[in-house]
Amino acid sequence: MTGAGPSRGSRRPAPPAVATTRTASARWGAVAGHGRPAPDAGEFALRFSSTPRGARLARRLAAQWLDEHGLPYGTDAHDDVVLIAAELAANAVRHGRVAGRDFRLRMSVGEGTVRVEATDARGERAPAAAPEDREERGDAESGRGLLLVERLAARWGWEARRDGPGKTVWAEYDPAP
């Protein structure tokens with residue numbers, strides 16, 4: 001019998017342990033069958049495939065995480081941070097994709113600030129801090145993502161990855177009291 005799974009005598013290796021502490025990556029029940037993070041976890045960090053589908057999933061999970069951590073659905077702050085996360089994820093897919101490499105979305109809440117980071121595998125394609133041709137884009141179909149991030153976030157920037165090739169684009173949002 002082929003294709004029916006492992007034979008009775010064989011064993012599958014145990015899945016790796018998943019940490020769910022403040023500093024470890026949060027794993028969600030909908031992803032790979034792992035359990036949810038502890039409710040008080042102050043960080044969301046997860047890798048996604050560098051595809052449009054991965055970017056959409058990142059946006060949806062970010063929206064859910066924000067709702068569970070004090071920025072409820074339907075508020076301006078929630079919508080702004082979700083838009084920032086969606087733009088950074090979409091840019092990681094569009095401009096930072098390397099075949100076979102994922103991107104990472106990380107979000108953390110601390111002292112009145114929400115920080116969103118998207119890490120990809122292409123360090124040579126750095127984002128422009130202030131595109132000079134943004135007024136000339138007019139009816140272009142793309143090229144406004146970082147402009148939106150710049151307008152919504154209190155601060156944003158990028159840095160080279162310390163743990164491998166690539167870069168991290170980050171934005172910090174200060175919700176109004």
# chains A, B, ... in the order shown; residues from 1 in each chain; ligands from 1

call {"tool": "residues_around", "arguments": {"residues": "range 88-96 of chain A", "least_positions_apart": "5", "cutoff": "6 Å", "atoms": "only C-alpha atoms", "output": "short mmCIF file (atom, residue, chain, number, x, y, z; two decimals) with all heavy atoms, in the first residue's frame"}}
result
data_model
loop_
_atom_site.label_atom_id
_atom_site.label_comp_id
_atom_site.auth_asym_id
_atom_site.auth_seq_id
_atom_site.Cartn_x
_atom_site.Cartn_y
_atom_site.Cartn_z
N SER A 50 6.38 34.72 0.85
CA SER A 50 6.52 35.99 0.12
C SER A 50 5.64 35.98 -1.13
O SER A 50 6.12 36.01 -2.26
CB SER A 50 7.99 36.21 -0.27
OG SER A 50 8.74 36.47 0.88
N THR A 51 4.34 35.94 -0.88
CA THR A 51 3.33 35.91 -1.94
C THR A 51 2.22 36.88 -1.54
O THR A 51 2.10 37.24 -0.37
CB THR A 51 2.73 34.51 -2.09
OG1 THR A 51 2.05 34.16 -0.87
CG2 THR A 51 3.79 33.46 -2.41
N ALA A 55 0.89 38.04 2.27
CA ALA A 55 0.67 39.41 2.72
C ALA A 55 -0.75 39.60 3.25
O ALA A 55 -0.96 40.27 4.27
CB ALA A 55 0.95 40.39 1.59
N ALA A 118 8.53 44.77 9.11
CA ALA A 118 8.48 43.74 8.06
C ALA A 118 9.92 43.50 7.63
O ALA A 118 10.62 44.43 7.22
CB ALA A 118 7.64 44.19 6.89
N ASP A 120 12.49 41.35 5.17
CA ASP A 120 12.56 40.54 3.95
C ASP A 120 14.01 40.15 3.68
O ASP A 120 14.89 40.45 4.46
CB ASP A 120 11.93 41.27 2.76
CG ASP A 120 12.64 42.56 2.41
OD1 ASP A 120 13.88 42.56 2.26
OD2 ASP A 120 11.96 43.58 2.26
N ALA A 121 14.24 39.48 2.57
CA ALA A 121 15.57 38.92 2.27
C ALA A 121 16.38 39.73 1.28
O ALA A 121 17.43 39.29 0.85
CB ALA A 121 15.40 37.49 1.75
N ARG A 122 15.92 40.92 0.88
CA ARG A 122 16.66 41.70 -0.11
C ARG A 122 17.15 43.00 0.49
O ARG A 122 16.43 43.98 0.58
CB ARG A 122 15.76 42.01 -1.31
CG ARG A 122 15.39 40.72 -2.01
CD ARG A 122 15.09 40.81 -3.41
NE ARG A 122 16.01 41.45 -4.28
CZ ARG A 122 15.70 41.78 -5.52
NH1 ARG A 122 14.49 41.54 -5.98
NH2 ARG A 122 16.57 42.34 -6.30
#

call {"tool": "atom_distance", "arguments": {"atom1": "CA of Gly74 in chain A", "atom2": "CA of Glu117 in chain A"}}
result
22.3 Å

call {"tool": "residues_around", "arguments": {"residues": "Trp65 in chain A", "least_positions_apart": "4", "cutoff": "10 Å", "atoms": "only C-alpha atoms", "output": "list in words"}}
result
Trp28, Pro39, Gly42, Glu43, Phe44, Arg59, Arg60, Leu61, His69, Gly70, Leu71, Pro72 and Met107 of chain A

call {"tool": "write_last_selection", "arguments": {"atoms": "C-alpha atoms", "output": "PDB file, in the first residue's frame"}}
result
ATOM      1  CA  TRP A  28      -1.423  31.156  15.860  1.00  0.00           C
ATOM      2  CA  PRO A  39      -3.155  36.420  26.134  1.00  0.00           C
ATOM      3  CA  GLY A  42       3.218  41.782  24.065  1.00  0.00           C
ATOM      4  CA  GLU A  43       4.618  40.752  20.703  1.00  0.00           C
ATOM      5  CA  PHE A  44       3.401  39.239  17.456  1.00  0.00           C
ATOM      6  CA  ARG A  59      -2.798  41.655   7.483  1.00  0.00           C
ATOM      7  CA  ARG A  60      -5.658  39.530   8.801  1.00  0.00           C
ATOM      8  CA  LEU A  61      -3.653  38.052  11.678  1.00  0.00           C
ATOM      9  CA  HIS A  69      -4.274  43.506  22.583  1.00  0.00           C
ATOM     10  CA  GLY A  70      -6.200  46.712  23.141  1.00  0.00           C
ATOM     11  CA  LEU A  71      -6.869  48.272  19.730  1.00  0.00           C
ATOM     12  CA  PRO A  72     -10.423  47.117  18.940  1.00  0.00           C
ATOM     13  CA  MET A 107       4.407  43.897  15.952  1.00  0.00           C
TER      14      MET A 107
END

call {"tool": "closest_residue", "arguments": {"among": "A:Arg161, A:Arg151, A:Arg104, A:Arg53", "to": "Val116 in chain A", "atoms": "only C-alpha atoms"}}
result
A:Arg104

call {"tool": "atom_distance", "arguments": {"atom1": "CA of Ala153 in chain A", "atom2": "CA of Tyr173 in chain A"}}
result
4.7 Å

call {"tool": "closest_residue", "arguments": {"among": "A:Glu150, A:Val81, A:Asp174, A:Trp158", "to": "Glu111 in chain A", "atoms": "only C-alpha atoms"}}
result
A:Asp174

call {"tool": "closest_residue", "arguments": {"among": "A:Ala58, A:Ala99, A:Ile84, A:Leu148", "to": "Glu172 in chain A", "atoms": "only C-alpha atoms"}}
result
A:Ile84

call {"tool": "residues_around", "arguments": {"residues": "Gly166 in chain A", "least_positions_apart": "6", "cutoff": "10 Å", "atoms": "only C-alpha atoms", "output": "PyMOL selection string"}}
result
chain A and resi 96-98+103+119-126+159-160

call {"tool": "closest_residue", "arguments": {"among": "A:Ala171, A:Ala176, A:Leu83, A:Leu46", "to": "Asp102 in chain A", "atoms": "only C-alpha atoms"}}
result
A:Leu46

call {"tool": "select_by_dssp", "arguments": {"residues": "range 53-149 of chain A", "states": "strand (DSSP E)", "output": "PyMOL selection string"}}
result
chain A and resi 102-110+113-120

call {"tool": "write_last_selection", "arguments": {"atoms": "N, CA, C and O atoms", "output": "PDB file, in the first residue's frame"}}
result
ATOM      1  N   ASP A 102      10.922  33.519   3.049  1.00  0.00           N
ATOM      2  CA  ASP A 102       9.729  34.131   3.619  1.00  0.00           C
ATOM      3  C   ASP A 102      10.029  35.564   4.046  1.00  0.00           C
ATOM      4  O   ASP A 102      11.172  35.995   4.050  1.00  0.00           O
ATOM      5  N   PHE A 103       8.977  36.280   4.440  1.00  0.00           N
ATOM      6  CA  PHE A 103       9.165  37.556   5.117  1.00  0.00           C
ATOM      7  C   PHE A 103       8.590  37.408   6.516  1.00  0.00           C
ATOM      8  O   PHE A 103       7.787  36.513   6.786  1.00  0.00           O
ATOM      9  N   ARG A 104       9.030  38.268   7.417  1.00  0.00           N
ATOM     10  CA  ARG A 104       8.558  38.224   8.795  1.00  0.00           C
ATOM     11  C   ARG A 104       7.837  39.522   9.124  1.00  0.00           C
ATOM     12  O   ARG A 104       8.342  40.604   8.836  1.00  0.00           O
ATOM     13  N   LEU A 105       6.680  39.397   9.732  1.00  0.00           N
ATOM     14  CA  LEU A 105       5.961  40.558  10.257  1.00  0.00           C
ATOM     15  C   LEU A 105       6.044  40.471  11.768  1.00  0.00           C
ATOM     16  O   LEU A 105       5.766  39.422  12.349  1.00  0.00           O
ATOM     17  N   ARG A 106       6.461  41.560  12.376  1.00  0.00           N
ATOM     18  CA  ARG A 106       6.579  41.632  13.833  1.00  0.00           C
ATOM     19  C   ARG A 106       5.863  42.885  14.295  1.00  0.00           C
ATOM     20  O   ARG A 106       6.022  43.952  13.699  1.00  0.00           O
ATOM     21  N   MET A 107       5.079  42.743  15.354  1.00  0.00           N
ATOM     22  CA  MET A 107       4.407  43.897  15.952  1.00  0.00           C
ATOM     23  C   MET A 107       4.572  43.805  17.455  1.00  0.00           C
ATOM     24  O   MET A 107       4.542  42.712  18.026  1.00  0.00           O
ATOM     25  N   SER A 108       4.736  44.956  18.084  1.00  0.00           N
ATOM     26  CA  SER A 108       4.827  44.990  19.533  1.00  0.00           C
ATOM     27  C   SER A 108       4.140  46.246  20.047  1.00  0.00           C
ATOM     28  O   SER A 108       4.054  47.255  19.336  1.00  0.00           O
ATOM     29  N   VAL A 109       3.635  46.145  21.253  1.00  0.00           N
ATOM     30  CA  VAL A 109       2.965  47.261  21.904  1.00  0.00           C
ATOM     31  C   VAL A 109       3.760  47.594  23.146  1.00  0.00           C
ATOM     32  O   VAL A 109       4.096  46.707  23.927  1.00  0.00           O
ATOM     33  N   GLY A 110       4.073  48.863  23.306  1.00  0.00           N
ATOM     34  CA  GLY A 110       4.801  49.258  24.500  1.00  0.00           C
ATOM     35  C   GLY A 110       4.756  50.753  24.731  1.00  0.00           C
ATOM     36  O   GLY A 110       4.941  51.531  23.808  1.00  0.00           O
ATOM     37  N   THR A 113       3.031  53.102  22.233  1.00  0.00           N
ATOM     38  CA  THR A 113       3.457  53.009  20.838  1.00  0.00           C
ATOM     39  C   THR A 113       3.249  51.589  20.328  1.00  0.00           C
ATOM     40  O   THR A 113       3.513  50.629  21.033  1.00  0.00           O
ATOM     41  N   VAL A 114       2.783  51.487  19.102  1.00  0.00           N
ATOM     42  CA  VAL A 114       2.711  50.195  18.417  1.00  0.00           C
ATOM     43  C   VAL A 114       3.800  50.222  17.349  1.00  0.00           C
ATOM     44  O   VAL A 114       3.848  51.134  16.525  1.00  0.00           O
ATOM     45  N   ARG A 115       4.676  49.246  17.386  1.00  0.00           N
ATOM     46  CA  ARG A 115       5.759  49.149  16.398  1.00  0.00           C
ATOM     47  C   ARG A 115       5.451  47.993  15.455  1.00  0.00           C
ATOM     48  O   ARG A 115       5.131  46.894  15.900  1.00  0.00           O
ATOM     49  N   VAL A 116       5.557  48.258  14.166  1.00  0.00           N
ATOM     50  CA  VAL A 116       5.322  47.258  13.126  1.00  0.00           C
ATOM     51  C   VAL A 116       6.615  47.127  12.331  1.00  0.00           C
ATOM     52  O   VAL A 116       7.191  48.136  11.923  1.00  0.00           O
ATOM     53  N   GLU A 117       7.071  45.900  12.117  1.00  0.00           N
ATOM     54  CA  GLU A 117       8.291  45.645  11.346  1.00  0.00           C
ATOM     55  C   GLU A 117       8.016  44.573  10.304  1.00  0.00           C
ATOM     56  O   GLU A 117       7.368  43.577  10.608  1.00  0.00           O
ATOM     57  N   ALA A 118       8.527  44.768   9.113  1.00  0.00           N
ATOM     58  CA  ALA A 118       8.483  43.744   8.065  1.00  0.00           C
ATOM     59  C   ALA A 118       9.923  43.502   7.627  1.00  0.00           C
ATOM     60  O   ALA A 118      10.625  44.429   7.218  1.00  0.00           O
ATOM     61  N   THR A 119      10.353  42.257   7.741  1.00  0.00           N
ATOM     62  CA  THR A 119      11.722  41.880   7.402  1.00  0.00           C
ATOM     63  C   THR A 119      11.695  40.985   6.173  1.00  0.00           C
ATOM     64  O   THR A 119      10.947  40.009   6.132  1.00  0.00           O
ATOM     65  N   ASP A 120      12.493  41.345   5.169  1.00  0.00           N
ATOM     66  CA  ASP A 120      12.564  40.536   3.949  1.00  0.00           C
ATOM     67  C   ASP A 120      14.009  40.149   3.676  1.00  0.00           C
ATOM     68  O   ASP A 120      14.894  40.450   4.465  1.00  0.00           O
TER      69      ASP A 120
END

call {"tool": "select_by_dssp", "arguments": {"residues": "range 76-160 of chain A", "states": "helix (DSSP H, G or I)", "output": "PyMOL selection string"}}
result
chain A and resi 76-95+134-137+145-152

call {"tool": "write_last_selection", "arguments": {"atoms": "N, CA, C and O atoms", "output": "tab-separated table (two decimals), in the first residue's frame"}}
result
chain	number	residue	atom	x	y	z
A	76	ASP	N	-10.14	54.11	14.74
A	76	ASP	CA	-9.17	54.70	13.81
A	76	ASP	C	-7.77	54.15	14.04
A	76	ASP	O	-7.04	53.87	13.08
A	77	ALA	N	-7.39	54.00	15.31
A	77	ALA	CA	-6.04	53.50	15.61
A	77	ALA	C	-5.86	52.08	15.04
A	77	ALA	O	-4.83	51.78	14.44
A	78	HIS	N	-6.85	51.22	15.23
A	78	HIS	CA	-6.77	49.85	14.70
A	78	HIS	C	-6.63	49.87	13.19
A	78	HIS	O	-5.74	49.23	12.62
A	79	ASP	N	-7.49	50.65	12.53
A	79	ASP	CA	-7.45	50.70	11.07
A	79	ASP	C	-6.13	51.26	10.55
A	79	ASP	O	-5.58	50.78	9.55
A	80	ASP	N	-5.60	52.28	11.23
A	80	ASP	CA	-4.32	52.86	10.82
A	80	ASP	C	-3.18	51.86	10.94
A	80	ASP	O	-2.36	51.71	10.02
A	81	VAL	N	-3.11	51.15	12.07
A	81	VAL	CA	-2.01	50.19	12.27
A	81	VAL	C	-2.15	49.01	11.32
A	81	VAL	O	-1.15	48.53	10.77
A	82	VAL	N	-3.37	48.56	11.07
A	82	VAL	CA	-3.57	47.47	10.11
A	82	VAL	C	-3.13	47.91	8.71
A	82	VAL	O	-2.49	47.15	7.99
A	83	LEU	N	-3.44	49.14	8.33
A	83	LEU	CA	-3.01	49.65	7.03
A	83	LEU	C	-1.48	49.72	6.95
A	83	LEU	O	-0.88	49.34	5.93
A	84	ILE	N	-0.84	50.17	8.01
A	84	ILE	CA	0.63	50.21	8.04
A	84	ILE	C	1.18	48.80	7.88
A	84	ILE	O	2.09	48.55	7.06
A	85	ALA	N	0.65	47.85	8.65
A	85	ALA	CA	1.13	46.46	8.56
A	85	ALA	C	0.90	45.89	7.16
A	85	ALA	O	1.77	45.21	6.60
A	86	ALA	N	-0.26	46.18	6.57
A	86	ALA	CA	-0.56	45.68	5.23
A	86	ALA	C	0.39	46.25	4.19
A	86	ALA	O	0.86	45.53	3.30
A	87	GLU	N	0.69	47.53	4.28
A	87	GLU	CA	1.61	48.16	3.32
A	87	GLU	C	3.03	47.62	3.47
A	87	GLU	O	3.70	47.35	2.47
A	88	LEU	N	3.50	47.46	4.70
A	88	LEU	CA	4.85	46.92	4.89
A	88	LEU	C	4.93	45.48	4.43
A	88	LEU	O	5.93	45.07	3.81
A	89	ALA	N	3.89	44.69	4.68
A	89	ALA	CA	3.87	43.30	4.21
A	89	ALA	C	3.83	43.24	2.68
A	89	ALA	O	4.57	42.46	2.06
A	90	ALA	N	2.99	44.07	2.07
A	90	ALA	CA	2.91	44.09	0.60
A	90	ALA	C	4.23	44.51	-0.02
A	90	ALA	O	4.66	43.94	-1.03
A	91	ASN	N	4.91	45.49	0.58
A	91	ASN	CA	6.20	45.91	0.06
A	91	ASN	C	7.25	44.82	0.23
A	91	ASN	O	8.12	44.65	-0.64
A	92	ALA	N	7.21	44.08	1.33
A	92	ALA	CA	8.16	42.98	1.53
A	92	ALA	C	7.97	41.93	0.44
A	92	ALA	O	8.95	41.37	-0.07
A	93	VAL	N	6.72	41.69	0.06
A	93	VAL	CA	6.44	40.71	-1.00
A	93	VAL	C	6.84	41.26	-2.36
A	93	VAL	O	7.49	40.58	-3.16
A	94	ARG	N	6.48	42.49	-2.64
A	94	ARG	CA	6.72	43.04	-3.98
A	94	ARG	C	8.17	43.41	-4.23
A	94	ARG	O	8.71	43.17	-5.30
A	95	HIS	N	8.81	44.02	-3.25
A	95	HIS	CA	10.16	44.55	-3.46
A	95	HIS	C	11.26	43.77	-2.75
A	95	HIS	O	12.43	44.00	-3.03
A	134	ARG	N	6.87	61.64	-6.13
A	134	ARG	CA	5.55	61.21	-5.66
A	134	ARG	C	4.42	62.09	-6.21
A	134	ARG	O	3.34	61.61	-6.43
A	135	GLU	N	4.66	63.36	-6.45
A	135	GLU	CA	3.62	64.24	-6.99
A	135	GLU	C	3.37	63.92	-8.47
A	135	GLU	O	2.29	64.13	-8.96
A	136	GLU	N	4.38	63.39	-9.15
A	136	GLU	CA	4.24	63.10	-10.57
A	136	GLU	C	3.53	61.78	-10.83
A	136	GLU	O	3.17	61.48	-11.95
A	137	ARG	N	3.29	60.97	-9.80
A	137	ARG	CA	2.68	59.66	-9.99
A	137	ARG	C	1.23	59.76	-10.44
A	137	ARG	O	0.75	58.89	-11.14
A	145	GLY	N	2.43	53.24	-1.19
A	145	GLY	CA	2.45	52.52	0.08
A	145	GLY	C	3.24	53.22	1.16
A	145	GLY	O	2.73	53.44	2.26
A	146	LEU	N	4.48	53.57	0.87
A	146	LEU	CA	5.29	54.24	1.89
A	146	LEU	C	4.81	55.66	2.15
A	146	LEU	O	5.01	56.19	3.24
A	147	LEU	N	4.15	56.27	1.18
A	147	LEU	CA	3.56	57.58	1.43
A	147	LEU	C	2.46	57.47	2.49
A	147	LEU	O	2.37	58.29	3.40
A	148	LEU	N	1.63	56.42	2.40
A	148	LEU	CA	0.62	56.17	3.42
A	148	LEU	C	1.25	55.90	4.78
A	148	LEU	O	0.82	56.43	5.79
A	149	VAL	N	2.29	55.07	4.79
A	149	VAL	CA	2.98	54.77	6.04
A	149	VAL	C	3.55	56.05	6.64
A	149	VAL	O	3.41	56.31	7.84
A	150	GLU	N	4.17	56.87	5.80
A	150	GLU	CA	4.75	58.13	6.27
A	150	GLU	C	3.70	59.05	6.89
A	150	GLU	O	3.95	59.72	7.89
A	151	ARG	N	2.52	59.09	6.30
A	151	ARG	CA	1.45	59.97	6.81
A	151	ARG	C	0.81	59.44	8.09
A	151	ARG	O	0.39	60.22	8.93
A	152	LEU	N	0.69	58.12	8.22
A	152	LEU	CA	0.01	57.54	9.38
A	152	LEU	C	0.92	57.34	10.58
A	152	LEU	O	0.49	57.49	11.72

call {"tool": "decode", "arguments": {"residues": "range 104-132 of chain A", "atoms": "N, CA, C and O atoms", "output": "compact mmCIF listing (two decimals), in the first residue's frame"}}
result
# COMPACT_ATOMS: atom_id res chain seq x y z
N ARG A 104 9.03 38.27 7.42
CA ARG A 104 8.56 38.22 8.79
C ARG A 104 7.84 39.52 9.12
O ARG A 104 8.34 40.60 8.84
N LEU A 105 6.68 39.40 9.73
CA LEU A 105 5.96 40.56 10.26
C LEU A 105 6.04 40.47 11.77
O LEU A 105 5.77 39.42 12.35
N ARG A 106 6.46 41.56 12.38
CA ARG A 106 6.58 41.63 13.83
C ARG A 106 5.86 42.88 14.29
O ARG A 106 6.02 43.95 13.70
N MET A 107 5.08 42.74 15.35
CA MET A 107 4.41 43.90 15.95
C MET A 107 4.57 43.81 17.45
O MET A 107 4.54 42.71 18.03
N SER A 108 4.74 44.96 18.08
CA SER A 108 4.83 44.99 19.53
C SER A 108 4.14 46.25 20.05
O SER A 108 4.05 47.26 19.34
N VAL A 109 3.64 46.14 21.25
CA VAL A 109 2.97 47.26 21.90
C VAL A 109 3.76 47.59 23.15
O VAL A 109 4.10 46.71 23.93
N GLY A 110 4.07 48.86 23.31
CA GLY A 110 4.80 49.26 24.50
C GLY A 110 4.76 50.75 24.73
O GLY A 110 4.94 51.53 23.81
N GLU A 111 4.46 51.13 25.94
CA GLU A 111 4.48 52.52 26.38
C GLU A 111 3.84 53.49 25.38
O GLU A 111 4.45 54.47 24.97
N GLY A 112 2.61 53.20 24.99
CA GLY A 112 1.87 54.10 24.13
C GLY A 112 2.24 54.07 22.66
O GLY A 112 1.80 54.92 21.90
N THR A 113 3.03 53.10 22.23
CA THR A 113 3.46 53.01 20.84
C THR A 113 3.25 51.59 20.33
O THR A 113 3.51 50.63 21.03
N VAL A 114 2.78 51.49 19.10
CA VAL A 114 2.71 50.19 18.42
C VAL A 114 3.80 50.22 17.35
O VAL A 114 3.85 51.13 16.53
N ARG A 115 4.68 49.25 17.39
CA ARG A 115 5.76 49.15 16.40
C ARG A 115 5.45 47.99 15.46
O ARG A 115 5.13 46.89 15.90
N VAL A 116 5.56 48.26 14.17
CA VAL A 116 5.32 47.26 13.13
C VAL A 116 6.61 47.13 12.33
O VAL A 116 7.19 48.14 11.92
N GLU A 117 7.07 45.90 12.12
CA GLU A 117 8.29 45.65 11.35
C GLU A 117 8.02 44.57 10.30
O GLU A 117 7.37 43.58 10.61
N ALA A 118 8.53 44.77 9.11
CA ALA A 118 8.48 43.74 8.06
C ALA A 118 9.92 43.50 7.63
O ALA A 118 10.62 44.43 7.22
N THR A 119 10.35 42.26 7.74
CA THR A 119 11.72 41.88 7.40
C THR A 119 11.69 40.98 6.17
O THR A 119 10.95 40.01 6.13
N ASP A 120 12.49 41.35 5.17
CA ASP A 120 12.56 40.54 3.95
C ASP A 120 14.01 40.15 3.68
O ASP A 120 14.89 40.45 4.46
N ALA A 121 14.24 39.48 2.57
CA ALA A 121 15.57 38.92 2.27
C ALA A 121 16.38 39.73 1.28
O ALA A 121 17.43 39.29 0.85
N ARG A 122 15.92 40.92 0.88
CA ARG A 122 16.66 41.70 -0.11
C ARG A 122 17.15 43.00 0.49
O ARG A 122 16.43 43.98 0.58
N GLY A 123 18.40 43.03 0.87
CA GLY A 123 18.99 44.22 1.46
C GLY A 123 19.38 45.27 0.46
O GLY A 123 19.50 46.45 0.79
N GLU A 124 19.57 44.88 -0.80
CA GLU A 124 20.02 45.84 -1.81
C GLU A 124 18.90 46.73 -2.32
O GLU A 124 19.14 47.70 -3.02
N ARG A 125 17.66 46.43 -1.99
CA ARG A 125 16.52 47.24 -2.45
C ARG A 125 15.95 48.02 -1.27
O ARG A 125 14.91 47.68 -0.72
N ALA A 126 16.66 49.06 -0.90
CA ALA A 126 16.24 49.87 0.25
C ALA A 126 15.13 50.83 -0.15
O ALA A 126 15.12 51.35 -1.26
N PRO A 127 14.17 51.08 0.75
CA PRO A 127 13.10 52.03 0.43
C PRO A 127 13.62 53.45 0.42
O PRO A 127 14.53 53.81 1.17
N ALA A 128 13.05 54.27 -0.42
CA ALA A 128 13.41 55.69 -0.48
C ALA A 128 12.67 56.42 0.63
O ALA A 128 11.47 56.28 0.78
N ALA A 129 13.39 57.19 1.41
CA ALA A 129 12.79 57.90 2.54
C ALA A 129 11.78 58.94 2.09
O ALA A 129 10.76 59.14 2.72
N ALA A 130 12.07 59.62 1.02
CA ALA A 130 11.16 60.66 0.52
C ALA A 130 11.20 60.65 -1.01
O ALA A 130 11.98 61.37 -1.61
N PRO A 131 10.35 59.83 -1.62
CA PRO A 131 10.37 59.79 -3.09
C PRO A 131 10.12 61.18 -3.68
O PRO A 131 9.15 61.83 -3.33
N GLU A 132 11.01 61.61 -4.53
CA GLU A 132 10.90 62.95 -5.09
C GLU A 132 9.84 63.03 -6.18
O GLU A 132 9.31 64.09 -6.44
